[in-house]
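Note sheet for the following structure.
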Amino acid sequence: MAFSTSDHTATPESLEAAGAQTPFKHSIFRSVPFQIAVACGVSFTAPGMWDALGGLGAGGAAEPYAVSAANALLYGLFAIVCVAAGAINNRIGLRYGLALGAIGYPLYGAGLYTNNVNATTWFLLFGSALCGISAGFFWAAEAAIIIGYPSPKDRAFYLAVWQTAKAAGPIVGGAINLGLNAQRSTAGSVGRATYIVFIAIMCLGLPIALCLSPATKVWRRDATRVVVRKEPTWGAEFKAVFTLFISRRILLLLPAFFISYFYNGFVSTWLTTYFTVRSRAFSSFFTNFAGIFSSFLIATLLDNQKVHIKTRGRVAFIAIVTILIGTWIWATILQKQFYDAPEAPVWDWFRDGFGKSYALVFFWQFGGQAFQQFLYWLVGQYATDLSSLSHHTGILRGVEALGQTVAWAMQSEGNANHFVSIGLNFGITVLCILPTWIVLSELEHSHEVKVTEIQVAVDGTDKQKDVIPAKENDVHET
């Protein structure tokens with residue numbers, strides 16, 4: 001690894017002496033766990049509540065088509081903004097990127113509320129558009145925080161913690177939904193009070209986001225520092241993102257990015273079409289435990305330093321893909337039964353037929369969240385510093401949002417054939433296997449540049465402006 005110094009060369013002896021003489025006092029408010037707690041708090045209040053509404057099927061509406069069109073608009077803007085936000089957040093700082101990202105979610109909730117009360121489609125679309133722009137900043141910033149602030153060996157664990165916080169939003173929201181709608185055993189829209197509660201919680205995201213510390217002030221327990229390296233100009237920043245986007249490794253991963261959350265649009269329509277309001281409320285509460293469970297399972301494997309990093313990645317990927325392909329085969333069988341029935345079924349909770357239909361939703365979430373966490377972990381291993389990671393996560397989330405745009409657009413038509421969605425999910429999942437396997441086969445170690453507190457003390461600067469990224473073979477951590 002290369003690290004610049006001012007007027008002297010840091011020898012091992014001088015580094016050791018500096019370490020012995022420098023007390024390195026730290027505030028808990030600058031620690032990695034506190035920063036993760038802040039990011040998790042925003043994730044709980046903003047996208048967590050958004051997911052809770054989505055868990056009801058079509059945002060709790062009686063008909064999924066207007067909400068599906070609004071979500072297609074949201075994700076379309078999200079896809080465009082998120083790729084650029086990786087560069088913008090690197091310039092303005094992740095704290096302000098996270099704050100900008102929290103603004104749009106209450107407006108989306110307000111749009112769902114007005115559509116529920118007065119069928120006001122224009123405000124639903126307006127709120128969705130603003131949320132899409134805002135979410136682009138949010139997801140690029142939060143993903144960079146969750147992966148970039150911790151040390152490489154702790155990343156999968158903190159990803160699981162983050163997934164838990166994100167799932168806690170729908171769990172709490174689902175409990176609210178369940179309490180407010182438990183007596184509603186028919187299809188239809190949820191009660192208006194549900195939206196009011198969610199909007200109030202969403203408004204808390206902005207003040208929480210402003211509690212985040214700048215990356216250069218964060219300390220890790222292994223005494224390494226978070227390396228930040230900004231490009232000299234805005235133009236150079238965007239050029240760096242474009243260069244990364246067309247790199248061989250990213251091009252190979254694009255199918256996996258695209259399909260990772262593609263299932264979400266179809267799940268929403270599936271719930272709205274075939275489940276009663278209270279069974280959808282139950283789903284919005286209980287299904288998120290699947291994501292929590294799979295997140296910690298995959299984290300246990302991916303953070304296991306006793307197993308070579310390539311082996312960890314391969315085992316995790318094989319397990320995830322096997323589950324996902326199994327769910328789409330299962331969905332094909334059930335959908336054939338539904339289409340062949342004289343009348344489309346509407347499942348109420350714990351009645352005949354509910355179990356086999358709901359279990360599919362559970363395993364979609366189980367496999368989908370594990371896949372998303374795996375992709376975050378994978379790009380984190382290839383990023384050299386927080387700035388590189390911000391670019392990587394912006395591209396990952398942007399392409400993922402593009403996939404969701406297509407998925408939601410497909411659900412906006414009332415007579416859409418569900419076999420089309422099932423076939424696309426199955427086909428693209430299979431398509432992504434080979435290119436993702438190639439990237440995994442080239443993963444030998446984490447590529448992060450290592451800078452310790454002792455080196456910073458000897459160098460005499462806390463800015464890290466002159467840190468030169470190491471070549472890939474300069475960093476060896478498995």
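As shown in the structure tokens, the chain order sets the letters A, B, ...; within each chain, residues go from 1, and ligands are also counted from 1 in the order they appear.
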
Write out as a list in words which residues come within 9 Å of region 129-134 of chain A when counting only C-alpha atoms, dropping same-chain ones fewer than 3 positions away.
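Final neighbour list, sorted by chain and number: Ala70, Asn71, Leu73, Leu74, Tyr75, Gly76, Leu77, Phe78, Ala79, Ile80, Val81, Cys82, Leu100, Gly101, Ala102, Ile103, Gly104, Tyr105, Pro106, Leu107, Tyr108, Leu124, Leu125, Phe126, Phe137, Phe138 and Trp139 of chain A.
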
Expected file: the selected residues, C-alpha atoms, as a compact mmCIF listing (two decimals), in the first residue's frame:
# COMPACT_ATOMS: atom_id res chain seq x y z
CA ALA A 70 -46.63 5.57 -9.29
CA ASN A 71 -43.95 3.13 -8.13
CA LEU A 73 -42.28 6.51 -11.87
CA LEU A 74 -40.56 6.50 -8.47
CA TYR A 75 -38.07 3.82 -9.45
CA GLY A 76 -37.44 5.34 -12.87
CA LEU A 77 -36.28 8.60 -11.29
CA PHE A 78 -34.53 6.66 -8.55
CA ALA A 79 -32.48 4.75 -11.14
CA ILE A 80 -31.31 7.91 -12.87
CA VAL A 81 -30.55 9.89 -9.72
CA CYS A 82 -28.91 7.06 -7.78
CA LEU A 100 -31.63 14.75 1.30
CA GLY A 101 -32.67 11.14 0.94
CA ALA A 102 -34.99 11.25 3.94
CA ILE A 103 -37.07 14.19 2.70
CA GLY A 104 -39.10 12.47 -0.01
CA TYR A 105 -40.58 9.54 1.91
CA PRO A 106 -43.25 11.49 3.88
CA LEU A 107 -44.42 13.03 0.59
CA TYR A 108 -44.86 9.56 -0.88
CA LEU A 124 -49.73 10.32 -5.71
CA LEU A 125 -47.58 10.67 -8.83
CA PHE A 126 -46.08 13.96 -7.57
CA PHE A 137 -29.53 10.15 -2.69
CA PHE A 138 -30.64 8.07 0.28
CA TRP A 139 -29.73 4.63 -1.01

Which polymer residues have any atom within 9 Å of an atom of Cys432 (chain A), counting only C-alpha atoms, with same-chain residues fewer than 6 positions away left out, as a list in words?
Leu252, Leu253, Leu254, Pro255, Ala256, Phe257 and Ile259 of chain A

Pick out the residues sitting within 9 Å of region 212-214 of chain A, and hand them over as a CSV table (one decimal) with N, CA, C and O atoms, in the first residue's frame; count only C-alpha atoms, and ignore anything fewer than 2 positions along from it in its own chain.
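So the final result, stored in result.csv, reads:
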chain,number,residue,atom,x,y,z
A,29,PHE,N,-19.7,8.8,20.0
A,29,PHE,CA,-20.5,9.4,18.9
A,29,PHE,C,-19.8,9.4,17.6
A,29,PHE,O,-20.4,9.7,16.6
A,30,ARG,N,-18.5,9.1,17.6
A,30,ARG,CA,-17.7,9.0,16.3
A,30,ARG,C,-17.4,7.5,16.0
A,30,ARG,O,-16.7,7.2,15.1
A,31,SER,N,-18.0,6.6,16.8
A,31,SER,CA,-17.7,5.2,16.6
A,31,SER,C,-18.5,4.6,15.5
A,31,SER,O,-19.6,5.2,15.1
A,34,PHE,N,-22.2,3.7,16.4
A,34,PHE,CA,-23.1,4.8,16.5
A,34,PHE,C,-23.5,5.3,15.1
A,34,PHE,O,-24.7,5.6,14.9
A,35,GLN,N,-22.6,5.3,14.2
A,35,GLN,CA,-22.9,5.7,12.8
A,35,GLN,C,-23.9,4.7,12.2
A,35,GLN,O,-24.8,5.1,11.5
A,36,ILE,N,-23.7,3.4,12.4
A,36,ILE,CA,-24.6,2.4,11.9
A,36,ILE,C,-26.0,2.6,12.6
A,36,ILE,O,-27.0,2.5,11.9
A,38,VAL,N,-27.3,5.4,13.5
A,38,VAL,CA,-27.9,6.6,12.9
A,38,VAL,C,-28.5,6.2,11.5
A,38,VAL,O,-29.7,6.5,11.2
A,39,ALA,N,-27.7,5.5,10.7
A,39,ALA,CA,-28.2,5.0,9.4
A,39,ALA,C,-29.4,4.1,9.6
A,39,ALA,O,-30.3,4.1,8.8
A,93,GLY,N,-20.8,15.1,1.0
A,93,GLY,CA,-20.7,14.4,2.2
A,93,GLY,C,-21.9,13.5,2.4
A,93,GLY,O,-23.0,13.8,2.0
A,94,LEU,N,-21.6,12.3,3.0
A,94,LEU,CA,-22.7,11.3,3.2
A,94,LEU,C,-23.8,11.8,4.1
A,94,LEU,O,-24.9,11.4,4.0
A,95,ARG,N,-23.4,12.6,5.1
A,95,ARG,CA,-24.5,13.1,6.0
A,95,ARG,C,-25.6,13.9,5.3
A,95,ARG,O,-26.7,13.6,5.5
A,96,TYR,N,-25.1,14.8,4.4
A,96,TYR,CA,-26.1,15.6,3.7
A,96,TYR,C,-26.8,14.8,2.6
A,96,TYR,O,-28.0,15.0,2.3
A,98,LEU,N,-27.6,11.6,3.0
A,98,LEU,CA,-28.6,10.9,3.7
A,98,LEU,C,-29.8,11.8,4.1
A,98,LEU,O,-30.9,11.3,4.0
A,208,ILE,N,-32.8,12.7,12.3
A,208,ILE,CA,-31.9,11.6,12.7
A,208,ILE,C,-30.7,11.6,11.7
A,208,ILE,O,-29.5,11.4,12.1
A,209,ALA,N,-30.9,11.8,10.4
A,209,ALA,CA,-29.8,11.7,9.4
A,209,ALA,C,-28.7,12.8,9.7
A,209,ALA,O,-27.5,12.5,9.5
A,210,LEU,N,-29.1,13.9,10.3
A,210,LEU,CA,-28.1,15.0,10.6
A,210,LEU,C,-27.2,14.6,11.7
A,210,LEU,O,-26.2,15.4,12.0
A,216,THR,N,-14.2,11.0,7.9
A,216,THR,CA,-12.8,11.2,8.3
A,216,THR,C,-12.7,11.3,9.8
A,216,THR,O,-11.6,11.2,10.4
A,217,LYS,N,-13.8,11.5,10.5
A,217,LYS,CA,-13.8,11.6,12.0
A,217,LYS,C,-14.2,10.3,12.7
A,217,LYS,O,-14.3,10.2,13.9
A,218,VAL,N,-14.5,9.3,11.9
A,218,VAL,CA,-15.0,8.0,12.4
A,218,VAL,C,-13.8,7.1,12.8
A,218,VAL,O,-12.8,7.0,12.1

Please determine, counting only C-alpha atoms, which residue among A:Ala383, A:Ile329, A:Leu375, A:Cys40 has the shortest atom-to-atom distance to Thr164 (chain A).
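Of the candidates, the smallest distance to Thr164 (chain A) is held by A:Cys40.
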
Extract, using only C-alpha atoms, all DNA, RNA and protein residues at most 8 Å from Ile309 (chain A), discarding same-chain residues fewer than 4 positions from it, and format them as a short mmCIF file (atom, residue, chain, number, x, y, z; two decimals) with all heavy atoms, in the first residue's frame.
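Result file part-v8.cif:
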data_model
loop_
_atom_site.label_atom_id
_atom_site.label_comp_id
_atom_site.auth_asym_id
_atom_site.auth_seq_id
_atom_site.Cartn_x
_atom_site.Cartn_y
_atom_site.Cartn_z
N LEU A 302 -20.32 -14.98 5.47
CA LEU A 302 -19.47 -14.03 4.74
C LEU A 302 -18.40 -13.39 5.62
O LEU A 302 -17.36 -12.96 5.11
CB LEU A 302 -20.34 -12.95 4.09
CG LEU A 302 -21.27 -13.43 2.97
CD1 LEU A 302 -22.12 -12.29 2.45
CD2 LEU A 302 -20.47 -14.06 1.82
N GLN A 305 -13.72 -15.48 8.86
CA GLN A 305 -12.36 -15.27 8.38
C GLN A 305 -11.56 -16.58 8.27
O GLN A 305 -10.48 -16.60 7.68
CB GLN A 305 -11.62 -14.30 9.30
CG GLN A 305 -12.32 -12.95 9.46
CD GLN A 305 -12.47 -12.21 8.15
OE1 GLN A 305 -11.50 -11.99 7.44
NE2 GLN A 305 -13.69 -11.81 7.82
N GLY A 313 -17.90 -16.51 -0.72
CA GLY A 313 -18.76 -15.90 -1.72
C GLY A 313 -19.47 -16.93 -2.58
O GLY A 313 -20.66 -16.80 -2.87
N LEU A 443 -12.14 -13.09 -7.06
CA LEU A 443 -12.03 -12.45 -5.75
C LEU A 443 -11.07 -13.24 -4.86
O LEU A 443 -11.35 -14.36 -4.46
CB LEU A 443 -13.42 -12.39 -5.09
CG LEU A 443 -13.50 -11.73 -3.72
CD1 LEU A 443 -13.07 -10.27 -3.78
CD2 LEU A 443 -14.92 -11.83 -3.16
N GLU A 444 -9.92 -12.64 -4.57
CA GLU A 444 -8.90 -13.30 -3.76
C GLU A 444 -8.72 -12.63 -2.39
O GLU A 444 -8.20 -13.24 -1.47
CB GLU A 444 -7.55 -13.31 -4.49
CG GLU A 444 -7.57 -14.08 -5.81
CD GLU A 444 -7.79 -15.58 -5.62
OE1 GLU A 444 -7.60 -16.07 -4.48
OE2 GLU A 444 -8.16 -16.26 -6.59
N HIS A 445 -9.15 -11.37 -2.26
CA HIS A 445 -8.95 -10.63 -1.02
C HIS A 445 -9.74 -9.34 -1.08
O HIS A 445 -10.22 -8.94 -2.15
CB HIS A 445 -7.46 -10.31 -0.81
CG HIS A 445 -6.82 -9.69 -2.03
ND1 HIS A 445 -7.02 -8.38 -2.38
CD2 HIS A 445 -6.01 -10.22 -2.97
CE1 HIS A 445 -6.34 -8.11 -3.50
NE2 HIS A 445 -5.74 -9.22 -3.89
N THR A 478 -8.24 -11.87 3.74
CA THR A 478 -9.22 -12.87 3.36
C THR A 478 -10.27 -13.02 4.44
O THR A 478 -11.21 -13.71 4.27
CB THR A 478 -8.53 -14.23 3.12
OG1 THR A 478 -7.85 -14.63 4.30
CG2 THR A 478 -7.56 -14.13 1.97
#

Separation of CA of Phe245 (chain A) from CA of Arg397 (chain A), in Å and rounded to one decimal:
12.3 Å
